[in-house]
Amino acid sequence: MKKLLILGAGTAGTMMANKMRKALSRSEWDITIVDQFKTHYYQPGFLFIPFGIYNKNDVIKPKNDFFPVGVNVIYSEISKIDPDHNKVILNDGVALKYDYLLIATGTRTAPEETDGLTGKLWYKEIFDFYTIEGAVALADYFKTWKGGKLVVNITELPYKCPVAPLEFVFFADAFFTERGMRDKVDITYVTPLPGAFTKPRATKMLGELLEQKNINIVPDFNIMEVDNDNKKIIDYGGTEVPFDCLVSVPTNLGADFIEASGLGDDMNFVKTDKFTLRQVDFENIFVIGDAANIPTSKAGSVAHFAADIVEENLMCAIEGREFTGKFDGHANCYIETGYGKGTLIDFNYDTEPLPGSFPFPGLGPFGLLKVTRTNHYGKLLFRWIYWHILLKGKEMPIESEMQMAGKKL
Amino acid sequence: MSTKTIAGVEVSVNEEGYMEDASQWTKEIAAEIAKEEGIELNDKHFEVIDFIRNKVAAGDTLTIRGIGKSGVVNAKEFYQLFPGAPLKKATKISGVPKPTSCI
């Protein structure tokens, strides 16, 4: 039997287990997936928890519910990959051999990377919302908060779901308005980027939204430390921003074992060819999702679009053919803007987010770079699609490759 | 693309003043770009510039974290050498492309 080994059973790994079990003959191929945790988190839902829209039970299901028949599942931490000998060593010392390896171990938040972030105010007046613990703690805190300076800070690039902190401040504006205390809450968005987002048109549109909603922005801020005693964040250039409640997007790092395996960059993201999605040094290793160092968003939609390319190229490699799949870096993000509305961006390596309609040119129903009610329902509907269609690797009515039709230049 | 005479040499630059051909770079050019940015270069600056040019030549991505871990300077010293926007200024002076931030 030949062996395909998948590391990581999050969004990307689970989708690939489902796709590859269909693509590969069960009499010839063993498929094994390894993950340290048994719970699958619907991570796009974390954003909704601090504002009481979702609770913990809305975003968790057992991972076992999503694996197809015929895939071996191992719950264990991974110690390292030995790519020269085609094997992976688990924490208990067990070695798993592979013919092909697929790395899908994502990214984790590493608040310990910023001085003072996990100090005495951590989970008291300083929170994150990228973990279930942080999102739930913040929901409890907001229930009785009397107002003050709410500061949302992005520590470092890259971080997953790049629009989430913007959605967070939009939600916060609506949440405190609806509670009749918006005049007591001063909201500030502090980012290492020069503006609200990276690309010109989206930055302009989202920057204007911040202004309309009376949210301050402090750009070009690279955090050096959190001063817990004086409740302020300080950047390397000496700029200080005071807070009463700090919501941090901590540094994102790839899995530690990637560093131990010598396959990663400065932040433990796996060095990956951005078009073929193969690891740059080893022919039988592919990478999908947040774990890869490719220059696009770290987001489930990217992993979803990349999944078709990884399947195609993995089959090319197995069958000894030239690669036919070429990834374009396609990302598609629904952005909640509060008050039951949302906007949508669709982009890739070369094309910035443009206005227009999606997925059907001229018809929509979703509006690109427009604030509409339908976009918000698209995001809510997506949770159902995620659990029932996406994770199971079923076809979606959206092309993997970004389409120019429907976009206005 | 346009050309600009820096330190008496004609070099090609983009609309933001970043050099388009790293091989045209000299220490004199670096000193003149630095002056435009309000920086007087010393030996420590050149150690950082060497590190940056070698990283780019090797096809690696530049990050403040990477430079902070380089052993040449830590992140704080890097900010002190190139105040304000260290990565943007340092790459411009080093004659390499401006790093793109992808999120």
# chains A, B, ... in the order shown; residues from 1 in each chain; ligands from 1

call {"tool": "closest_atom_pairs", "arguments": {"of": "chain A", "to": "chain B", "cutoff": "7 Å", "atoms": "only C-alpha atoms", "output": "tab-separated table"}}
result
residue	atom	partner	partner_atom	distance
A:Pro158	CA	B:Ile103	CA	5.8
A:Tyr159	CA	B:Ile103	CA	7.0
A:Pro162	CA	B:Ile103	CA	5.7
A:Thr198	CA	B:Ser101	CA	6.9
A:Tyr236	CA	B:Lys76	CA	6.1
A:Gly237	CA	B:Gly84	CA	6.0
A:Asp266	CA	B:Gly66	CA	5.9
A:Pro295	CA	B:Cys102	CA	5.7
A:Thr296	CA	B:Cys102	CA	5.9
A:Ser297	CA	B:Ile103	CA	4.8

call {"tool": "write_last_selection", "arguments": {"atoms": "C-alpha atoms", "output": "compact mmCIF listing (two decimals), in the first residue's frame"}}
result
# COMPACT_ATOMS: atom_id res chain seq x y z
CA PRO A 158 0.77 38.14 8.42
CA TYR A 159 -2.27 37.22 10.50
CA PRO A 162 -7.10 39.92 7.63
CA THR A 198 -3.36 46.73 1.90
CA TYR A 236 9.24 50.99 18.28
CA GLY A 237 9.08 54.58 17.12
CA ASP A 266 11.16 33.24 10.13
CA PRO A 295 1.75 35.74 -0.43
CA THR A 296 -2.01 35.72 -0.07
CA SER A 297 -4.48 35.93 2.82

call {"tool": "residues_around", "arguments": {"residues": "region 10-19 of chain B", "least_positions_apart": "6", "cutoff": "6 Å", "atoms": "only C-alpha atoms", "output": "PyMOL selection string"}}
result
chain B and resi 1-4+92+95

call {"tool": "write_last_selection", "arguments": {"atoms": "C-alpha atoms", "output": "short mmCIF file (atom, residue, chain, number, x, y, z; two decimals), in the first residue's frame"}}
result
data_model
loop_
_atom_site.label_atom_id
_atom_site.label_comp_id
_atom_site.auth_asym_id
_atom_site.auth_seq_id
_atom_site.Cartn_x
_atom_site.Cartn_y
_atom_site.Cartn_z
CA MET B 1 9.93 53.38 -14.86
CA SER B 2 12.16 56.45 -15.00
CA THR B 3 15.78 57.29 -14.43
CA LYS B 4 17.35 59.47 -11.84
CA LYS B 92 15.11 52.03 -0.47
CA GLY B 95 18.66 49.52 -3.64
#

call {"tool": "select_by_dssp", "arguments": {"residues": "chain B", "states": "strand (DSSP E or B)", "output": "JSON list (two decimals) with C-alpha atoms, in the first residue's frame"}}
result
[["chain", "number", "residue", "atom", "x", "y", "z"],
["B", 2, "SER", "CA", 12.16, 56.45, -15.00],
["B", 3, "THR", "CA", 15.78, 57.29, -14.43],
["B", 4, "LYS", "CA", 17.35, 59.47, -11.84],
["B", 5, "THR", "CA", 20.89, 60.70, -11.34],
["B", 6, "ILE", "CA", 22.06, 59.75, -7.87],
["B", 9, "VAL", "CA", 25.24, 57.87, -11.68],
["B", 10, "GLU", "CA", 22.13, 57.43, -13.80],
["B", 11, "VAL", "CA", 19.97, 54.66, -12.27],
["B", 12, "SER", "CA", 16.47, 53.41, -13.03],
["B", 13, "VAL", "CA", 13.92, 53.96, -10.29],
["B", 19, "MET", "CA", 15.90, 51.35, -7.53]]

call {"tool": "residues_around", "arguments": {"residues": "Tyr54 (chain A)", "least_positions_apart": "6", "cutoff": "12 Å", "atoms": "only C-alpha atoms", "output": "JSON list (two decimals) with C-alpha atoms, in the first residue's frame"}}
result
[["chain", "number", "residue", "atom", "x", "y", "z"],
["A", 42, "TYR", "CA", -15.69, 27.13, 13.01],
["A", 43, "GLN", "CA", -13.16, 29.95, 13.30],
["A", 44, "PRO", "CA", -15.11, 32.59, 11.30],
["A", 45, "GLY", "CA", -17.67, 32.37, 14.11],
["A", 46, "PHE", "CA", -15.23, 33.52, 16.84],
["A", 47, "LEU", "CA", -15.77, 37.14, 15.75],
["A", 48, "PHE", "CA", -19.47, 36.92, 16.64],
["A", 60, "ILE", "CA", -17.70, 23.63, 17.77],
["A", 132, "ILE", "CA", -12.36, 30.31, 21.79],
["A", 135, "ALA", "CA", -13.64, 35.28, 22.50],
["A", 136, "VAL", "CA", -15.67, 33.88, 25.41],
["A", 139, "ALA", "CA", -18.04, 38.33, 25.70],
["A", 380, "LEU", "CA", -24.51, 33.89, 8.12],
["A", 383, "ARG", "CA", -21.71, 28.68, 8.54]]

call {"tool": "atom_distance", "arguments": {"atom1": "CA of Glu125 (chain A)", "atom2": "CA of Phe171 (chain A)"}}
result
18.6 Å

call {"tool": "atom_distance", "arguments": {"atom1": "CA of His388 (chain A)", "atom2": "CA of Asn57 (chain A)"}}
result
16.5 Å
